[in-house]
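Notes follow once the structure below has been shown.
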Amino acid sequence: MYLKSVTILREQFPKKNRDYPFTIPSLAKIDTIEFPRNVTFFVGENGSGKSTLLEAIAYQCEFNTGSGGRNNYYHVDRGEAAFGDYIRLSWLPKMTQGFFLRAESFYQFASHVDETARLALRPYEAYGGKSLHEQSHGEAFLALFTHRFGKKGIYLLDEPEAALSPARQLSLLAVMRRLEREGGSQFIIATHSPILLGYPGAQILSFDSAPLREIAYEETDHYQITRRFLENRQRFLTELFDEV
Ligand SMILES: Nc1ncnc2c1ncn2[C@@H]1O[C@H](COP(=O)(O)OP(=O)(O)OP(=O)(O)O)[C@@H](O)[C@H]1O
């Protein structure tokens, strides 16, 4: 574990701070967010602020906020980190290796890898031996997790399940376990996946509270709704459609 905490630099907020990102309820009234475990999940409704904080952490890590690590220089339009200048990271020890994965701009990252491949000796070694564009979305994600992610690093993943089948989500859990055990890698993952959230011993931070707070796996909507759905799909759907 490397990143111990994030401090929100409220005194740096602009005087007129009635707009995004200063108005996000989960982040508005908290000073410090601690990361006591190797694996942390950000959960919460759409628009609750998970990506905003994750991007800001990636920005402070000097990772490419489109997707990538420290040495991936390319530009994506939606690569900004609006909250990036308003947080401070506390490390023990400082970690510069790692990767920020943003599912929605992964295509541009794959193109960037192809661009730099022309100059490299074994260009796709870190991506399973072939261009990410020549792999399916899910295959490309898993190739990245398996080959590019090293034993020591901090991995910031924004909805990695976007491209992964349930079986591949289990594969990601296995990769995380291996990296955590072998070298103590740290993961901070924004997710809606009840499978990923089941990682044993993880810290789960709910962005549905103001300020955000730690909750148990069984408290998450992801667990409760999925469980109710699977236990009695017919009744669940009848009740849902009755409300329409
Ligand atoms: N560039 C932006 N300009 C203005 N508002 C924004 C911007 N990006 C996000 N927001 C708003 O800030 C809030 C938090 O967005 P954010 O993307 O952090 O949510 P999220 O929890 O990651 O959501 P999701 O689960 O849908 O990915 C939302 O209300 C969103 O509309």
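Residues are named by chain letter and number: chains run A, B, ... in the order of the structure tokens, numbers start at 1 in each chain, and ligands are numbered from 1 in the order shown.
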
Can you tell me which residues sit at most 12 Å away from ligand 1, counting only C-alpha atoms and all ligand atoms, written as a compact mmCIF listing (two decimals) with C-alpha atoms, in the first residue's frame?
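Output contents, as saved in result07.txt:
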# COMPACT_ATOMS: atom_id res chain seq x y z
CA ARG A 18 -20.95 27.19 -6.72
CA ASP A 19 -20.20 25.05 -9.78
CA TYR A 20 -18.75 21.64 -10.60
CA PRO A 21 -16.67 20.14 -9.02
CA PHE A 22 -17.06 22.08 -5.75
CA THR A 23 -20.75 21.29 -5.34
CA ILE A 24 -20.54 17.49 -5.38
CA PRO A 25 -22.17 16.50 -2.05
CA SER A 26 -19.97 13.44 -1.37
CA LEU A 27 -16.83 15.61 -1.55
CA ALA A 28 -18.18 18.90 -0.25
CA PHE A 41 -13.70 0.70 -4.16
CA PHE A 42 -15.64 3.87 -4.92
CA VAL A 43 -19.37 3.08 -5.20
CA GLY A 44 -22.43 5.26 -5.61
CA GLU A 45 -25.13 6.34 -8.00
CA ASN A 46 -24.31 7.73 -11.42
CA GLY A 47 -23.11 11.28 -10.97
CA SER A 48 -22.14 10.90 -7.30
CA GLY A 49 -18.53 12.03 -7.85
CA LYS A 50 -16.47 8.82 -8.13
CA SER A 51 -14.76 9.65 -11.42
CA THR A 52 -14.15 13.24 -10.35
CA LEU A 53 -12.08 12.07 -7.36
CA LEU A 54 -10.38 9.21 -9.22
CA GLU A 55 -9.31 11.52 -12.07
CA ALA A 56 -7.98 14.02 -9.55
CA ASP A 77 -10.34 15.72 -25.32
CA ARG A 78 -12.09 14.41 -22.22
CA GLY A 79 -8.91 14.03 -20.23
CA GLU A 80 -9.28 16.91 -17.80
CA ALA A 81 -9.24 16.53 -14.02
CA ALA A 82 -11.38 19.37 -12.68
CA PHE A 83 -10.63 18.55 -9.04
CA ARG A 102 -10.65 5.26 -18.05
CA ALA A 103 -12.85 2.92 -20.06
CA GLU A 104 -14.31 5.66 -22.26
CA LEU A 157 -9.46 1.91 -12.57
CA ASP A 158 -12.64 3.70 -13.60
CA GLU A 159 -15.38 1.11 -14.24
CA PRO A 160 -13.11 -1.66 -15.56
CA GLU A 161 -16.15 -3.95 -15.74
CA ALA A 162 -17.44 -1.89 -18.70
CA ILE A 189 -11.48 1.22 -8.39
CA ALA A 190 -14.71 3.05 -9.22
CA THR A 191 -17.22 0.34 -10.02
CA HIS A 192 -20.84 -0.71 -10.33
CA SER A 193 -19.98 -4.41 -10.37
CA LEU A 205 -16.42 4.04 0.08
CA SER A 206 -19.97 5.10 -0.68
CA PHE A 207 -20.36 8.38 -2.57
CA ASP A 208 -24.13 8.31 -1.92
CA SER A 209 -23.49 9.88 1.48
CA LEU A 212 -18.67 9.94 1.52

Write out as a PyMOL selection string which residues come within 9 Å of A:Ile154 when counting only C-alpha atoms, dropping same-chain ones fewer than 3 positions away. chain A and resi 1-3+95-100+185-188

Applying 12 Å and only C-alpha atoms, which residues near stretch 120-130 of chain A remain after dropping the ones on its own chain fewer than 3 positions away? List them as a PDB file with C-alpha atoms, in the first residue's frame.
ATOM      1  CA  PHE A 109      -4.785   4.924 -25.421  1.00  0.00           C
ATOM      2  CA  ALA A 110      -4.698   1.905 -27.778  1.00  0.00           C
ATOM      3  CA  HIS A 112      -1.180   5.899 -28.662  1.00  0.00           C
ATOM      4  CA  VAL A 113       0.363   2.448 -28.023  1.00  0.00           C
ATOM      5  CA  ASP A 114       0.259   1.753 -31.790  1.00  0.00           C
ATOM      6  CA  GLU A 115       1.946   5.113 -32.477  1.00  0.00           C
ATOM      7  CA  THR A 116       4.826   4.436 -30.101  1.00  0.00           C
ATOM      8  CA  ALA A 117       5.067   0.773 -31.220  1.00  0.00           C
ATOM      9  CA  HIS A 133      -6.906  -2.524 -31.443  1.00  0.00           C
ATOM     10  CA  GLU A 134      -6.612  -6.108 -32.665  1.00  0.00           C
ATOM     11  CA  GLN A 135      -8.146  -7.431 -29.468  1.00  0.00           C
ATOM     12  CA  SER A 136     -11.739  -7.198 -28.329  1.00  0.00           C
ATOM     13  CA  GLU A 139      -9.486  -8.964 -24.197  1.00  0.00           C
ATOM     14  CA  ALA A 140      -7.564  -5.685 -24.416  1.00  0.00           C
ATOM     15  CA  PHE A 141      -8.451  -4.763 -20.830  1.00  0.00           C
ATOM     16  CA  LEU A 142      -7.391  -8.153 -19.545  1.00  0.00           C
ATOM     17  CA  ALA A 143      -4.160  -8.061 -21.592  1.00  0.00           C
ATOM     18  CA  LEU A 144      -3.368  -4.744 -19.942  1.00  0.00           C
ATOM     19  CA  PHE A 145      -4.103  -6.072 -16.440  1.00  0.00           C
ATOM     20  CA  THR A 146      -2.130  -9.273 -17.009  1.00  0.00           C
ATOM     21  CA  HIS A 147       0.924  -7.979 -18.876  1.00  0.00           C
ATOM     22  CA  ARG A 148       1.319  -4.271 -18.213  1.00  0.00           C
ATOM     23  CA  PHE A 149       0.441  -4.150 -14.534  1.00  0.00           C
ATOM     24  CA  GLY A 150       3.547  -4.941 -12.456  1.00  0.00           C
TER      25      GLY A 150
END

Just the residues within 6 Å of A:Ala202, please, counting only C-alpha atoms, with nothing from its chain fewer than 2 positions along; format it as a PyMOL selection string. chain A and resi 39-40+199-200

I'd like the neighbourhood of stretch 85-93 of chain A as a CSV table (one decimal) with C-alpha atoms, in the first residue's frame, where a residue qualifies if any of its atoms comes within 9 Å (using only C-alpha atoms), though same-chain residues fewer than 6 positions away should be ignored.
chain,number,residue,atom,x,y,z
A,1,MET,CA,0.0,0.0,0.0
A,2,TYR,CA,1.4,3.4,-1.0
A,3,LEU,CA,-1.2,6.1,-1.1
A,4,LYS,CA,-2.3,6.6,2.5
A,5,SER,CA,-4.7,9.5,2.2
A,6,VAL,CA,-6.1,12.3,0.1
A,7,THR,CA,-6.5,15.8,1.7
A,8,ILE,CA,-9.0,18.2,0.1
A,9,LEU,CA,-7.5,21.6,-0.1
A,10,ARG,CA,-10.6,23.5,0.7
A,11,GLU,CA,-8.7,26.8,1.3
A,12,GLN,CA,-7.6,26.6,-2.4
A,13,PHE,CA,-11.2,26.5,-3.7
A,53,LEU,CA,-12.1,12.1,-7.4
A,56,ALA,CA,-8.0,14.0,-9.6
A,57,ILE,CA,-5.9,11.3,-7.9
A,59,TYR,CA,-3.7,13.8,-12.2
A,60,GLN,CA,-1.7,14.1,-8.9
A,61,CYS,CA,0.0,10.8,-9.7

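Going from atom CA of A:Leu197 to atom CA of A:His222 covers 8.5 Å.
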
Contacts of A:Ile225 at 12 Å or less, counting only C-alpha atoms, minus same-chain residues fewer than 3 places along, as a VMD selection string? chain A and resid 192 to 194 218 to 222 228 to 233 236 to 237 240

Would you save the residues from that selection as a PDB file, in the first residue's frame, using N, CA and C atoms?
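What ended up in again.pdb:
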ATOM      1  N   HIS A 192     -19.438  -0.367 -10.596  1.00  0.00           N
ATOM      2  CA  HIS A 192     -20.841  -0.708 -10.327  1.00  0.00           C
ATOM      3  C   HIS A 192     -21.005  -2.223 -10.269  1.00  0.00           C
ATOM      4  N   SER A 193     -19.902  -2.950 -10.259  1.00  0.00           N
ATOM      5  CA  SER A 193     -19.982  -4.410 -10.372  1.00  0.00           C
ATOM      6  C   SER A 193     -20.071  -5.088  -9.002  1.00  0.00           C
ATOM      7  N   PRO A 194     -21.160  -5.834  -8.747  1.00  0.00           N
ATOM      8  CA  PRO A 194     -21.245  -6.566  -7.477  1.00  0.00           C
ATOM      9  C   PRO A 194     -20.197  -7.666  -7.389  1.00  0.00           C
ATOM     10  N   GLU A 218     -22.361  -5.841   2.035  1.00  0.00           N
ATOM     11  CA  GLU A 218     -23.787  -6.180   2.061  1.00  0.00           C
ATOM     12  C   GLU A 218     -24.678  -4.940   2.120  1.00  0.00           C
ATOM     13  N   GLU A 219     -24.115  -3.813   2.464  1.00  0.00           N
ATOM     14  CA  GLU A 219     -24.898  -2.559   2.506  1.00  0.00           C
ATOM     15  C   GLU A 219     -25.047  -1.921   1.133  1.00  0.00           C
ATOM     16  N   THR A 220     -24.231  -2.337   0.178  1.00  0.00           N
ATOM     17  CA  THR A 220     -24.259  -1.651  -1.118  1.00  0.00           C
ATOM     18  C   THR A 220     -25.543  -1.990  -1.875  1.00  0.00           C
ATOM     19  N   ASP A 221     -26.040  -1.047  -2.656  1.00  0.00           N
ATOM     20  CA  ASP A 221     -27.183  -1.304  -3.541  1.00  0.00           C
ATOM     21  C   ASP A 221     -26.845  -2.422  -4.513  1.00  0.00           C
ATOM     22  N   HIS A 222     -25.594  -2.433  -4.931  1.00  0.00           N
ATOM     23  CA  HIS A 222     -25.144  -3.408  -5.936  1.00  0.00           C
ATOM     24  C   HIS A 222     -25.389  -4.820  -5.435  1.00  0.00           C
ATOM     25  N   ARG A 228     -31.619  -9.520  -4.608  1.00  0.00           N
ATOM     26  CA  ARG A 228     -33.084  -9.614  -4.704  1.00  0.00           C
ATOM     27  C   ARG A 228     -33.508 -10.051  -6.091  1.00  0.00           C
ATOM     28  N   PHE A 229     -32.838  -9.537  -7.097  1.00  0.00           N
ATOM     29  CA  PHE A 229     -33.158  -9.880  -8.486  1.00  0.00           C
ATOM     30  C   PHE A 229     -32.932 -11.374  -8.732  1.00  0.00           C
ATOM     31  N   LEU A 230     -31.777 -11.862  -8.304  1.00  0.00           N
ATOM     32  CA  LEU A 230     -31.431 -13.258  -8.583  1.00  0.00           C
ATOM     33  C   LEU A 230     -32.250 -14.238  -7.747  1.00  0.00           C
ATOM     34  N   GLU A 231     -32.600 -13.839  -6.529  1.00  0.00           N
ATOM     35  CA  GLU A 231     -33.358 -14.736  -5.655  1.00  0.00           C
ATOM     36  C   GLU A 231     -34.769 -14.977  -6.177  1.00  0.00           C
ATOM     37  N   ASN A 232     -35.395 -13.929  -6.723  1.00  0.00           N
ATOM     38  CA  ASN A 232     -36.748 -14.111  -7.244  1.00  0.00           C
ATOM     39  C   ASN A 232     -36.994 -13.112  -8.384  1.00  0.00           C
ATOM     40  N   ARG A 233     -36.448 -13.479  -9.528  1.00  0.00           N
ATOM     41  CA  ARG A 233     -36.471 -12.571 -10.680  1.00  0.00           C
ATOM     42  C   ARG A 233     -37.904 -12.211 -11.070  1.00  0.00           C
ATOM     43  N   PHE A 236     -39.543  -9.821  -8.582  1.00  0.00           N
ATOM     44  CA  PHE A 236     -38.834  -8.539  -8.689  1.00  0.00           C
ATOM     45  C   PHE A 236     -39.340  -7.763  -9.904  1.00  0.00           C
ATOM     46  N   LEU A 237     -39.440  -8.460 -11.038  1.00  0.00           N
ATOM     47  CA  LEU A 237     -39.846  -7.776 -12.275  1.00  0.00           C
ATOM     48  C   LEU A 237     -41.332  -7.415 -12.241  1.00  0.00           C
ATOM     49  N   LEU A 240     -41.572  -4.335 -10.234  1.00  0.00           N
ATOM     50  CA  LEU A 240     -40.991  -3.213 -10.989  1.00  0.00           C
ATOM     51  C   LEU A 240     -41.976  -2.714 -12.047  1.00  0.00           C
TER      52      LEU A 240
END

So what do you get for atom CA of A:Gly201 versus atom CA of A:Arg181, distance-wise? 12.9 Å
